[in-house]
>>> print(open('data10.cif').read())   # mmCIF, C-alpha atoms and all ligand atoms
data_protein
loop_
_atom_site.label_atom_id
_atom_site.label_comp_id
_atom_site.auth_asym_id
_atom_site.auth_seq_id
_atom_site.Cartn_x
_atom_site.Cartn_y
_atom_site.Cartn_z
CA MET G 1 61.79 -43.96 -150.61
CA LYS G 2 64.60 -41.60 -149.67
CA VAL G 3 64.69 -38.16 -151.28
CA PRO G 4 67.72 -35.97 -150.54
CA LEU G 5 67.51 -32.18 -150.51
CA MET G 6 70.04 -32.15 -153.35
CA ASP G 7 72.27 -34.70 -155.07
CA LEU G 8 75.70 -33.43 -156.09
CA ARG G 9 76.97 -36.89 -156.93
CA ALA G 10 74.24 -37.43 -159.53
CA GLN G 11 75.34 -34.28 -161.33
CA TYR G 12 78.98 -35.33 -161.30
CA LEU G 13 78.11 -38.76 -162.68
CA SER G 14 76.13 -37.19 -165.53
CA LEU G 15 79.27 -35.31 -166.67
CA GLN G 16 81.92 -37.66 -165.35
CA GLU G 17 83.98 -38.03 -168.51
CA GLU G 18 84.01 -34.35 -169.41
CA ILE G 19 84.95 -33.32 -165.89
CA ASN G 20 87.61 -35.96 -165.41
CA ASP G 21 89.10 -34.92 -168.71
CA ALA G 22 89.19 -31.24 -167.73
CA VAL G 23 90.78 -32.11 -164.38
CA ARG G 24 93.41 -34.33 -165.98
CA ARG G 25 94.36 -31.60 -168.44
CA VAL G 26 94.92 -29.13 -165.59
CA LEU G 27 96.97 -31.65 -163.61
CA GLU G 28 99.12 -32.38 -166.64
CA GLY G 29 99.35 -28.72 -167.64
CA GLY G 30 101.32 -27.56 -164.62
CA ARG G 31 99.44 -24.25 -163.93
CA TYR G 32 97.35 -24.55 -160.78
CA ILE G 33 96.38 -21.11 -159.44
CA LEU G 34 95.19 -18.27 -161.70
CA GLY G 35 95.90 -19.34 -165.26
CA PRO G 36 94.26 -19.91 -168.63
CA ASN G 37 91.15 -21.62 -167.23
CA VAL G 38 90.52 -18.86 -164.70
CA GLU G 39 90.97 -16.24 -167.41
CA ALA G 40 88.63 -18.07 -169.77
CA LEU G 41 86.04 -18.61 -167.04
CA GLU G 42 86.17 -14.92 -166.17
CA GLU G 43 85.35 -14.02 -169.76
CA GLU G 44 82.63 -16.63 -169.99
CA VAL G 45 80.95 -15.55 -166.74
CA ALA G 46 81.15 -11.86 -167.69
CA ASP G 47 79.55 -12.76 -170.99
CA TYR G 48 76.91 -14.89 -169.34
CA CYS G 49 75.94 -12.17 -166.86
CA GLY G 50 76.12 -9.36 -169.39
CA THR G 51 79.01 -7.43 -167.80
CA LYS G 52 82.33 -6.27 -169.21
CA TYR G 53 84.56 -7.85 -166.57
CA ALA G 54 84.65 -10.68 -164.07
CA VAL G 55 87.30 -11.43 -161.48
CA GLY G 56 87.75 -14.91 -160.01
CA VAL G 57 88.28 -15.09 -156.24
CA ALA G 58 88.45 -17.78 -153.56
CA SER G 59 84.79 -17.76 -152.44
CA GLY G 60 81.48 -15.93 -152.51
CA THR G 61 82.28 -14.46 -149.11
CA ASP G 62 85.54 -13.07 -150.48
CA ALA G 63 83.70 -11.70 -153.50
CA LEU G 64 81.66 -9.60 -151.05
CA VAL G 65 84.63 -8.59 -148.88
CA LEU G 66 86.83 -7.60 -151.83
CA SER G 67 83.95 -5.69 -153.46
CA LEU G 68 83.36 -3.66 -150.30
CA ASP G 69 87.09 -3.06 -149.86
CA ALA G 70 87.65 -2.07 -153.49
CA LEU G 71 84.72 0.37 -153.27
CA GLY G 72 86.40 2.05 -150.31
CA ILE G 73 83.96 0.94 -147.61
CA GLY G 74 85.43 0.60 -144.13
CA PRO G 75 85.30 1.75 -140.50
CA GLY G 76 82.63 4.36 -139.77
CA ASP G 77 80.57 3.42 -142.82
CA GLU G 78 77.11 1.87 -142.82
CA VAL G 79 75.86 -0.65 -145.33
CA ILE G 80 72.15 -1.34 -145.69
CA THR G 81 71.31 -5.00 -146.16
CA THR G 82 68.66 -7.63 -145.54
CA SER G 83 68.33 -9.44 -142.24
CA TYR G 84 67.30 -12.65 -143.94
CA SER G 85 70.28 -14.27 -145.66
CA PHE G 86 73.27 -16.49 -145.14
CA PHE G 87 75.57 -15.06 -142.46
CA ALA G 88 78.35 -14.21 -144.95
CA THR G 89 76.30 -11.30 -146.33
CA ALA G 90 76.58 -9.36 -143.06
CA GLU G 91 79.91 -10.85 -142.06
CA ALA G 92 81.59 -9.36 -145.14
CA ILE G 93 80.38 -5.88 -144.13
CA SER G 94 81.73 -6.32 -140.59
CA ARG G 95 84.96 -7.84 -141.92
CA VAL G 96 85.91 -4.58 -143.68
CA GLY G 97 85.10 -2.66 -140.47
CA ALA G 98 81.76 -1.21 -141.59
CA ARG G 99 78.40 -1.64 -139.85
CA PRO G 100 75.52 -3.65 -141.33
CA VAL G 101 72.17 -1.89 -141.02
CA PHE G 102 69.46 -4.49 -141.29
CA VAL G 103 66.21 -3.93 -143.15
CA ASP G 104 63.13 -6.11 -142.96
CA ILE G 105 62.05 -8.29 -145.88
CA ASP G 106 59.07 -8.49 -148.17
CA LYS G 107 56.79 -11.18 -146.75
CA ASP G 108 56.20 -12.86 -150.11
CA THR G 109 59.61 -12.90 -151.82
CA TYR G 110 61.74 -12.83 -148.63
CA ASN G 111 63.96 -10.27 -150.35
CA LEU G 112 64.87 -6.83 -149.00
CA ASP G 113 61.72 -4.68 -148.62
CA VAL G 114 62.67 -1.75 -150.86
CA SER G 115 60.07 0.53 -149.26
CA ARG G 116 62.04 0.37 -146.01
CA ILE G 117 65.49 1.28 -147.33
CA GLU G 118 65.29 5.06 -147.34
CA GLU G 119 64.27 5.37 -143.68
CA LYS G 120 67.58 3.68 -142.75
CA ILE G 121 69.83 6.03 -144.72
CA THR G 122 72.04 8.28 -142.56
CA LYS G 123 75.06 10.47 -143.32
CA HIS G 124 77.23 7.37 -142.71
CA THR G 125 75.48 5.18 -145.28
CA LYS G 126 77.78 4.25 -148.17
CA ALA G 127 76.21 1.23 -149.83
CA ILE G 128 73.20 -1.00 -150.30
CA LEU G 129 73.86 -4.74 -150.37
CA PRO G 130 70.78 -6.61 -151.59
CA VAL G 131 70.65 -10.42 -151.73
CA HIS G 132 68.86 -12.30 -154.50
CA LEU G 133 67.50 -14.90 -152.12
CA PHE G 134 66.71 -18.48 -153.12
CA GLY G 135 67.34 -17.63 -156.80
CA GLN G 136 64.99 -14.68 -157.23
CA MET G 137 66.32 -11.20 -157.79
CA ALA G 138 65.58 -8.29 -155.49
CA LEU G 139 63.80 -5.29 -157.06
CA MET G 140 66.98 -3.87 -158.58
CA ASP G 141 65.34 -1.00 -160.50
CA LYS G 142 64.03 0.48 -157.24
CA ILE G 143 67.28 -0.20 -155.41
CA MET G 144 69.41 1.47 -158.12
CA GLU G 145 67.05 4.44 -158.11
CA ILE G 146 67.43 4.92 -154.34
CA ALA G 147 71.21 4.45 -154.57
CA GLN G 148 71.51 7.06 -157.33
CA LYS G 149 69.34 9.52 -155.45
CA HIS G 150 71.52 9.25 -152.32
CA GLY G 151 74.93 8.72 -153.94
CA LEU G 152 75.38 5.15 -152.68
CA VAL G 153 77.13 2.19 -154.30
CA VAL G 154 75.36 -1.14 -154.76
CA ILE G 155 76.86 -4.59 -154.25
CA GLU G 156 74.67 -7.48 -155.36
CA ASP G 157 74.92 -10.69 -153.36
CA ALA G 158 74.06 -12.96 -156.28
CA CYS G 159 75.52 -16.09 -154.68
CA GLN G 160 72.20 -17.94 -154.99
CA ALA G 161 71.09 -16.43 -158.25
CA ILE G 162 73.46 -17.05 -161.17
CA GLY G 163 71.35 -17.00 -164.34
CA SER G 164 68.34 -15.26 -162.82
CA SER G 165 67.15 -11.99 -164.29
CA TYR G 166 64.81 -9.10 -163.63
CA ARG G 167 63.34 -6.95 -166.41
CA GLY G 168 65.63 -8.65 -168.91
CA ARG G 169 68.90 -8.03 -167.06
CA ARG G 170 70.83 -10.73 -165.30
CA ALA G 171 71.86 -10.87 -161.65
CA GLY G 172 75.28 -9.31 -161.19
CA SER G 173 74.86 -6.77 -163.98
CA TRP G 174 72.92 -4.09 -162.06
CA GLY G 175 75.10 -3.00 -159.17
CA ASN G 176 78.66 -1.66 -159.03
CA THR G 177 79.62 -5.31 -158.51
CA GLY G 178 77.85 -8.66 -158.50
CA CYS G 179 79.13 -11.39 -156.18
CA PHE G 180 78.89 -15.09 -157.00
CA SER G 181 79.74 -18.26 -155.10
CA PHE G 182 80.78 -21.59 -156.60
CA PHE G 183 80.27 -23.47 -153.34
CA PRO G 184 79.34 -27.05 -154.35
CA THR G 185 75.63 -26.71 -153.55
CA LYS G 186 75.06 -23.51 -155.55
CA ASN G 187 73.37 -23.61 -158.97
CA LEU G 188 76.84 -23.46 -160.53
CA GLY G 189 79.01 -25.32 -158.03
CA GLY G 190 82.61 -26.47 -158.12
CA TYR G 191 84.23 -29.22 -156.07
CA GLY G 192 85.68 -26.88 -153.49
CA ASP G 193 85.40 -23.17 -152.72
CA GLY G 194 85.35 -20.52 -155.42
CA GLY G 195 83.79 -17.18 -156.26
CA MET G 196 83.52 -14.44 -158.89
CA ILE G 197 82.93 -10.70 -158.99
CA THR G 198 81.27 -9.11 -162.03
CA THR G 199 81.49 -5.43 -162.90
CA ASN G 200 81.31 -2.97 -165.78
CA ASP G 201 83.90 -0.68 -164.20
CA TYR G 202 87.40 -1.10 -165.65
CA GLU G 203 89.22 0.63 -162.77
CA LEU G 204 87.26 -1.36 -160.20
CA ALA G 205 88.09 -4.64 -161.96
CA LYS G 206 91.74 -3.66 -161.93
CA ARG G 207 91.60 -2.90 -158.19
CA LEU G 208 89.90 -6.22 -157.54
CA ARG G 209 92.57 -8.13 -159.47
CA ARG G 210 95.23 -6.39 -157.43
CA LEU G 211 93.45 -6.98 -154.11
CA ARG G 212 93.04 -10.72 -154.66
CA ALA G 213 96.80 -11.10 -155.13
CA HIS G 214 98.25 -9.37 -152.05
CA GLY G 215 97.71 -5.91 -153.49
CA SER G 216 100.18 -6.50 -156.26
CA GLN G 217 99.91 -6.21 -160.00
CA ARG G 218 103.47 -7.24 -160.61
CA LYS G 219 104.75 -10.09 -158.47
CA TYR G 220 106.74 -8.96 -155.42
CA TYR G 221 105.82 -5.29 -155.97
CA ASN G 222 102.95 -4.57 -153.57
CA GLU G 223 101.00 -1.36 -154.00
CA THR G 224 98.34 -1.91 -151.32
CA ILE G 225 97.47 -4.34 -148.53
CA GLY G 226 95.45 -7.08 -150.18
CA TYR G 227 94.32 -10.65 -149.69
CA ASN G 228 95.21 -14.12 -150.79
CA SER G 229 91.94 -14.80 -152.59
CA ARG G 230 92.52 -16.54 -155.87
CA LEU G 231 90.50 -19.01 -157.86
CA ASP G 232 92.36 -22.18 -158.76
CA GLU G 233 92.68 -23.80 -162.17
CA LEU G 234 91.03 -27.07 -161.16
CA GLN G 235 87.85 -25.33 -160.03
CA ALA G 236 87.88 -23.03 -163.05
CA ALA G 237 88.26 -25.95 -165.48
CA ILE G 238 85.40 -27.84 -163.79
CA LEU G 239 83.20 -24.74 -163.72
CA ARG G 240 83.82 -24.10 -167.41
CA VAL G 241 82.42 -27.53 -168.21
CA LYS G 242 79.44 -26.98 -165.91
CA LEU G 243 78.68 -23.44 -167.12
CA ARG G 244 77.70 -24.91 -170.49
CA TYR G 245 74.90 -26.82 -168.75
CA LEU G 246 73.77 -24.10 -166.35
CA ASP G 247 70.83 -22.89 -168.44
CA LEU G 248 69.58 -26.44 -168.89
CA TRP G 249 69.84 -27.07 -165.16
CA ASN G 250 68.13 -23.80 -164.26
CA GLU G 251 65.35 -24.66 -166.73
CA ALA G 252 64.97 -28.09 -165.11
CA ARG G 253 64.75 -26.42 -161.69
CA ARG G 254 62.04 -24.09 -162.99
CA GLU G 255 60.02 -26.94 -164.49
CA LYS G 256 60.19 -28.91 -161.27
CA ALA G 257 59.21 -25.81 -159.31
CA TRP G 258 56.16 -25.27 -161.53
CA ARG G 259 55.21 -28.89 -161.04
CA TYR G 260 55.44 -28.46 -157.27
CA ASN G 261 53.37 -25.27 -157.53
CA ASN G 262 50.60 -27.17 -159.31
CA LEU G 263 50.67 -30.22 -157.09
CA LEU G 264 50.95 -28.38 -153.78
CA ARG G 265 48.35 -25.70 -154.43
CA GLY G 266 45.49 -25.60 -151.94
CA LEU G 267 47.15 -27.69 -149.25
CA GLY G 268 47.64 -24.77 -146.86
CA LEU G 269 51.34 -24.23 -147.57
CA LYS G 270 52.65 -20.81 -148.53
CA LEU G 271 54.30 -21.40 -151.92
CA PRO G 272 57.11 -19.39 -153.59
CA TYR G 273 55.95 -16.05 -154.97
CA VAL G 274 57.48 -14.91 -158.24
CA VAL G 275 57.56 -11.21 -159.10
CA GLN G 276 56.49 -10.23 -162.63
CA ASP G 277 59.32 -9.88 -165.17
CA THR G 278 61.54 -12.11 -163.03
CA VAL G 279 63.33 -15.26 -164.09
CA HIS G 280 63.65 -17.28 -160.88
CA VAL G 281 66.35 -19.98 -160.83
CA TYR G 282 65.10 -21.79 -157.71
CA HIS G 283 68.37 -22.28 -155.90
CA LEU G 284 65.98 -23.50 -153.22
CA TYR G 285 62.26 -24.26 -153.30
CA VAL G 286 61.06 -22.68 -150.08
CA VAL G 287 57.58 -23.04 -148.60
CA ALA G 288 56.17 -21.82 -145.29
CA HIS G 289 53.75 -23.10 -142.66
CA ARG G 290 53.06 -22.29 -139.01
CA ALA G 291 53.58 -25.92 -138.04
CA ARG G 292 57.02 -26.13 -139.67
CA GLY G 293 58.60 -28.18 -136.89
CA GLU G 294 55.97 -30.92 -137.03
CA ILE G 295 55.96 -31.04 -140.81
CA ILE G 296 59.72 -31.34 -141.13
CA HIS G 297 59.87 -33.97 -138.45
CA ALA G 298 57.19 -36.06 -140.16
CA LEU G 299 58.76 -35.63 -143.62
CA GLN G 300 62.16 -36.70 -142.38
CA HIS G 301 60.56 -39.74 -140.81
CA LYS G 302 59.33 -40.65 -144.33
CA GLY G 303 62.80 -40.24 -145.83
CA VAL G 304 62.30 -36.75 -147.28
CA ALA G 305 65.13 -34.34 -146.45
CA CYS G 306 64.28 -30.70 -145.66
CA GLY G 307 66.39 -27.67 -144.88
CA ILE G 308 65.79 -24.50 -142.89
CA TYR G 309 67.15 -21.36 -144.58
CA TYR G 310 67.55 -19.64 -142.13
CA PRO G 311 66.58 -20.42 -138.52
CA VAL G 312 67.95 -17.14 -137.11
CA PRO G 313 67.68 -13.78 -138.90
CA LEU G 314 70.95 -11.84 -139.00
CA HIS G 315 69.90 -9.11 -136.54
CA LEU G 316 69.25 -11.79 -133.90
CA GLN G 317 72.52 -13.69 -134.38
CA ASP G 318 74.78 -13.77 -131.31
CA ALA G 319 77.50 -12.10 -133.38
CA TYR G 320 75.22 -9.07 -133.83
CA LYS G 321 73.63 -8.90 -130.37
CA SER G 322 75.91 -5.98 -129.49
CA LEU G 323 74.52 -4.07 -132.46
CA HIS G 324 71.15 -4.05 -130.80
CA SER G 325 70.03 -0.62 -131.59
CA ASN G 326 68.28 -2.94 -134.04
CA PRO G 327 64.52 -2.70 -133.81
CA SER G 328 62.54 -5.86 -134.38
CA LEU G 329 62.13 -6.94 -137.97
CA PRO G 330 58.87 -8.88 -137.85
CA MET G 331 58.83 -10.30 -141.39
CA ALA G 332 62.36 -11.66 -141.18
CA GLU G 333 61.62 -13.12 -137.76
CA ARG G 334 58.45 -14.76 -138.96
CA ALA G 335 60.16 -16.21 -142.05
CA SER G 336 62.88 -17.69 -139.88
CA GLU G 337 60.21 -19.50 -137.87
CA GLU G 338 58.02 -20.75 -140.69
CA THR G 339 60.00 -21.40 -143.88
CA PHE G 340 61.62 -24.61 -145.03
CA ALA G 341 63.06 -25.95 -148.27
CA ILE G 342 61.90 -29.21 -149.83
CA PRO G 343 63.97 -31.27 -152.30
CA LEU G 344 64.56 -29.59 -155.66
CA PHE G 345 67.53 -30.23 -157.90
CA PRO G 346 67.92 -30.64 -161.66
CA GLU G 347 68.42 -34.41 -161.50
CA LYS G 348 65.39 -35.08 -159.30
CA THR G 349 63.04 -37.64 -160.84
CA GLU G 350 59.30 -37.33 -161.24
CA SER G 351 58.71 -40.27 -158.92
CA GLN G 352 60.86 -38.61 -156.24
CA GLN G 353 58.82 -35.45 -156.61
CA ASP G 354 55.52 -37.35 -156.51
CA TYR G 355 56.65 -39.07 -153.34
CA VAL G 356 57.46 -35.74 -151.65
CA VAL G 357 54.07 -34.32 -152.67
CA GLU G 358 52.21 -37.42 -151.49
CA GLN G 359 53.91 -37.46 -148.08
CA LEU G 360 53.52 -33.73 -147.62
CA GLY G 361 49.81 -33.99 -148.53
CA LYS G 362 49.23 -36.71 -145.95
CA ILE G 363 51.06 -34.78 -143.23
CA LEU G 364 49.13 -31.59 -143.91
CA GLN G 365 45.84 -33.51 -143.85
CA THR G 366 46.50 -34.95 -140.40
CA LEU G 367 47.48 -31.45 -139.19
CA GLU G 368 44.09 -30.12 -140.27
CA LYS G 369 42.28 -32.59 -138.03
C1 LIG Q 1 76.74 -19.11 -150.35
C2 LIG Q 1 76.45 -17.72 -150.03
C3 LIG Q 1 77.46 -16.80 -149.70
C4 LIG Q 1 78.89 -17.21 -149.46
O1 LIG Q 1 79.49 -17.93 -150.46
P1 LIG Q 1 80.74 -18.87 -150.12
O2 LIG Q 1 81.28 -19.25 -151.45
O3 LIG Q 1 80.24 -20.01 -149.33
O4 LIG Q 1 81.72 -18.04 -149.34
C5 LIG Q 1 77.11 -15.48 -149.49
N1 LIG Q 1 75.84 -15.07 -149.60
C6 LIG Q 1 74.84 -15.90 -149.90
C7 LIG Q 1 73.45 -15.37 -150.03
C8 LIG Q 1 75.11 -17.26 -150.11
O5 LIG Q 1 74.09 -18.09 -150.39
#
>>> encode(input="data10.cif", output="structure tokens")
Amino acid sequence: MKVPLMDLRAQYLSLQEEINDAVRRVLEGGRYILGPNVEALEEEVADYCGTKYAVGVASGTDALVLSLDALGIGPGDEVITTSYSFFATAEAISRVGARPVFVDIDKDTYNLDVSRIEEKITKHTKAILPVHLFGQMALMDKIMEIAQKHGLVVIEDACQAIGSSYRGRRAGSWGNTGCFSFFPTKNLGGYGDGGMITTNDYELAKRLRRLRAHGSQRKYYNETIGYNSRLDELQAAILRVKLRYLDLWNEARREKAWRYNNLLRGLGLKLPYVVQDTVHVYHLYVVAHRARGEIIHALQHKGVACGIYYPVPLHLQDAYKSLHSNPSLPMAERASEETFAIPLFPEKTESQQDYVVEQLGKILQTLEK
């Protein structure tokens, strides 16, 4: 049997008519970039996340860059973030001219270790940029407390966590902004690039709208230097269809994760750890083992796809070698050596899951010997 890590085609086929219909209406309507579907999606996402405003942009990366820019972060500033994330998290900080200051992670959740934030704060620190990794939120109450105490802004990288919540509040509704990606593989994915910024701050939303369109509010009258970072109508129309199914899909991910938890317990794998009062949306189901290389190799041989998120922590990336006043961050380094994701997606069948568990069980047994 072959089990892919995810199956985007299966999801499209399950909604084929609705999506084709939405696409056809956009094509026939004649508005293709920023328009009624983008506006409607912005309202729907703001509603969904529990914020007042949402601003559609071209990608999750741009959501981060525009957030930092709109909050006035630039050269000479430091932004505290996790070392264990997709590269775009740190790249966005560098892109606006600021310096990422990497903090180690919690060994169980792989999210920013909140007990290590304050020791990194200097007079240059302007912001904290936590990531809600793999679909589980960082400890936002603690992070907001530290930010308030030190007068810092908070930008949530919620690209992997749409629909997740902590203490009853959704991802993207805690910080000054929340940044989302609609990259095809994300829990809410389009068929191209796309992103969204959520906020409760009216002036900030206004600045973001201006920034995404070349710094202009009125066409051909440019108040600031901006970007070309707009969401298109095709993606927005598709995402509006899919948003209606997001809770169902996230629930299916959770059920499949629980099933894995039960079936994989006691086999010697480190399983996902869920913090109390957290709704995890399992963007990825990530396990860990010292013999990761052997396990992945053997699984792939049996037709089971795996993924490594991420093989190199950010502070060890070539792009950040020059920043090497960085001390070692042992938990992030260890995670990058031992973690791997196994197949989990809403459309995955029980027999696919049983097959993964069976193969994984056999591989782990032979490792024991
Ligand atoms: C996907 C992702 C991004 C970037 O989103 P894009 O839409 O691909 O630009 C940023 N941060 C994290 C944690 C992500 O997973």
>>> residues_near_ligand(input="data10.cif", ligand="ligand LIG 1 (chain Q)", cutoff="9 Å", atoms="only C-alpha atoms and all ligand atoms", output="PDB file with C-alpha atoms, keeping the file's coordinate frame")
ATOM      1  CA  ALA G  58      88.450 -17.780-153.560  1.00  0.00           C
ATOM      2  CA  SER G  59      84.790 -17.760-152.440  1.00  0.00           C
ATOM      3  CA  GLY G  60      81.480 -15.930-152.510  1.00  0.00           C
ATOM      4  CA  THR G  61      82.280 -14.460-149.110  1.00  0.00           C
ATOM      5  CA  ASP G  62      85.540 -13.070-150.480  1.00  0.00           C
ATOM      6  CA  ALA G  63      83.700 -11.700-153.500  1.00  0.00           C
ATOM      7  CA  LEU G  64      81.660  -9.600-151.050  1.00  0.00           C
ATOM      8  CA  SER G  85      70.280 -14.270-145.660  1.00  0.00           C
ATOM      9  CA  PHE G  86      73.270 -16.490-145.140  1.00  0.00           C
ATOM     10  CA  PHE G  87      75.570 -15.060-142.460  1.00  0.00           C
ATOM     11  CA  ALA G  88      78.350 -14.210-144.950  1.00  0.00           C
ATOM     12  CA  THR G  89      76.300 -11.300-146.330  1.00  0.00           C
ATOM     13  CA  ALA G  90      76.580  -9.360-143.060  1.00  0.00           C
ATOM     14  CA  ALA G  92      81.590  -9.360-145.140  1.00  0.00           C
ATOM     15  CA  VAL G 131      70.650 -10.420-151.730  1.00  0.00           C
ATOM     16  CA  HIS G 132      68.860 -12.300-154.500  1.00  0.00           C
ATOM     17  CA  LEU G 133      67.500 -14.900-152.120  1.00  0.00           C
ATOM     18  CA  PHE G 134      66.710 -18.480-153.120  1.00  0.00           C
ATOM     19  CA  ASP G 157      74.920 -10.690-153.360  1.00  0.00           C
ATOM     20  CA  ALA G 158      74.060 -12.960-156.280  1.00  0.00           C
ATOM     21  CA  CYS G 159      75.520 -16.090-154.680  1.00  0.00           C
ATOM     22  CA  GLN G 160      72.200 -17.940-154.990  1.00  0.00           C
ATOM     23  CA  ALA G 161      71.090 -16.430-158.250  1.00  0.00           C
ATOM     24  CA  CYS G 179      79.130 -11.390-156.180  1.00  0.00           C
ATOM     25  CA  PHE G 180      78.890 -15.090-157.000  1.00  0.00           C
ATOM     26  CA  SER G 181      79.740 -18.260-155.100  1.00  0.00           C
ATOM     27  CA  PHE G 182      80.780 -21.590-156.600  1.00  0.00           C
ATOM     28  CA  PHE G 183      80.270 -23.470-153.340  1.00  0.00           C
ATOM     29  CA  PRO G 184      79.340 -27.050-154.350  1.00  0.00           C
ATOM     30  CA  THR G 185      75.630 -26.710-153.550  1.00  0.00           C
ATOM     31  CA  LYS G 186      75.060 -23.510-155.550  1.00  0.00           C
ATOM     32  CA  ASP G 193      85.400 -23.170-152.720  1.00  0.00           C
ATOM     33  CA  GLY G 194      85.350 -20.520-155.420  1.00  0.00           C
ATOM     34  CA  GLY G 195      83.790 -17.180-156.260  1.00  0.00           C
ATOM     35  CA  HIS G 283      68.370 -22.280-155.900  1.00  0.00           C
TER      36      HIS G 283
END
>>> atom_distance(input="data10.cif", atom1="CA of Asn228 in chain G", atom2="CA of Leu314 in chain G")
27.1 Å
>>> residues_around(input="data10.cif", residues="range 320-323 of chain G", least_positions_apart="6", cutoff="10 Å", atoms="all atoms listed in the file", output="JSON, numbers by chain")
{"G": [90, 91, 94, 99, 100, 101, 314]}
>>> closest_residue(input="data10.cif", among="G:Lys256, G:His280, G:His289, G:Lys206", to="Gly268 in chain G", atoms="only C-alpha atoms")
G:His289
>>> closest_residue(input="data10.cif", among="G:Ile80, G:Val154, G:Ala138, G:Ala257", to="Ile121 in chain G", atoms="all atoms listed in the file")
G:Ile80
>>> atom_distance(input="data10.cif", atom1="CA of Asp104 in chain G", atom2="CA of Asp69 in chain G")
25.1 Å
>>> residues_around(input="data10.cif", residues="range 310-313 of chain G", least_positions_apart="2", cutoff="8 Å", atoms="only C-alpha atoms", output="list in words")
Ser83, Tyr84, Ser85, Phe86, Ile308, His315, Leu316, Gln317, Ala332, Glu333, Ser336, Glu337 and Thr339 of chain G
>>> decode(input="data10.cif", residues="range 23-42 of chain G", atoms="C-alpha atoms", output="compact mmCIF listing (two decimals), in the first residue's frame")
# COMPACT_ATOMS: atom_id res chain seq x y z
CA VAL G 23 -13.88 29.60 -10.06
CA ARG G 24 -16.17 29.93 -13.06
CA ARG G 25 -18.09 32.77 -11.42
CA VAL G 26 -14.87 34.69 -10.81
CA LEU G 27 -13.68 34.12 -14.37
CA GLU G 28 -16.99 35.32 -15.75
CA GLY G 29 -17.23 38.21 -13.28
CA GLY G 30 -14.25 40.14 -14.59
CA ARG G 31 -12.69 41.19 -11.20
CA TYR G 32 -9.48 39.27 -10.59
CA ILE G 33 -7.36 40.98 -7.90
CA LEU G 34 -8.85 42.40 -4.68
CA GLY G 35 -12.60 42.41 -5.12
CA PRO G 36 -15.84 41.15 -3.59
CA ASN G 37 -14.51 37.66 -2.79
CA VAL G 38 -11.41 39.02 -1.06
CA GLU G 39 -13.54 41.44 0.93
CA ALA G 40 -15.98 38.71 1.93
CA LEU G 41 -13.17 36.31 2.84
CA GLU G 42 -11.56 39.00 4.99
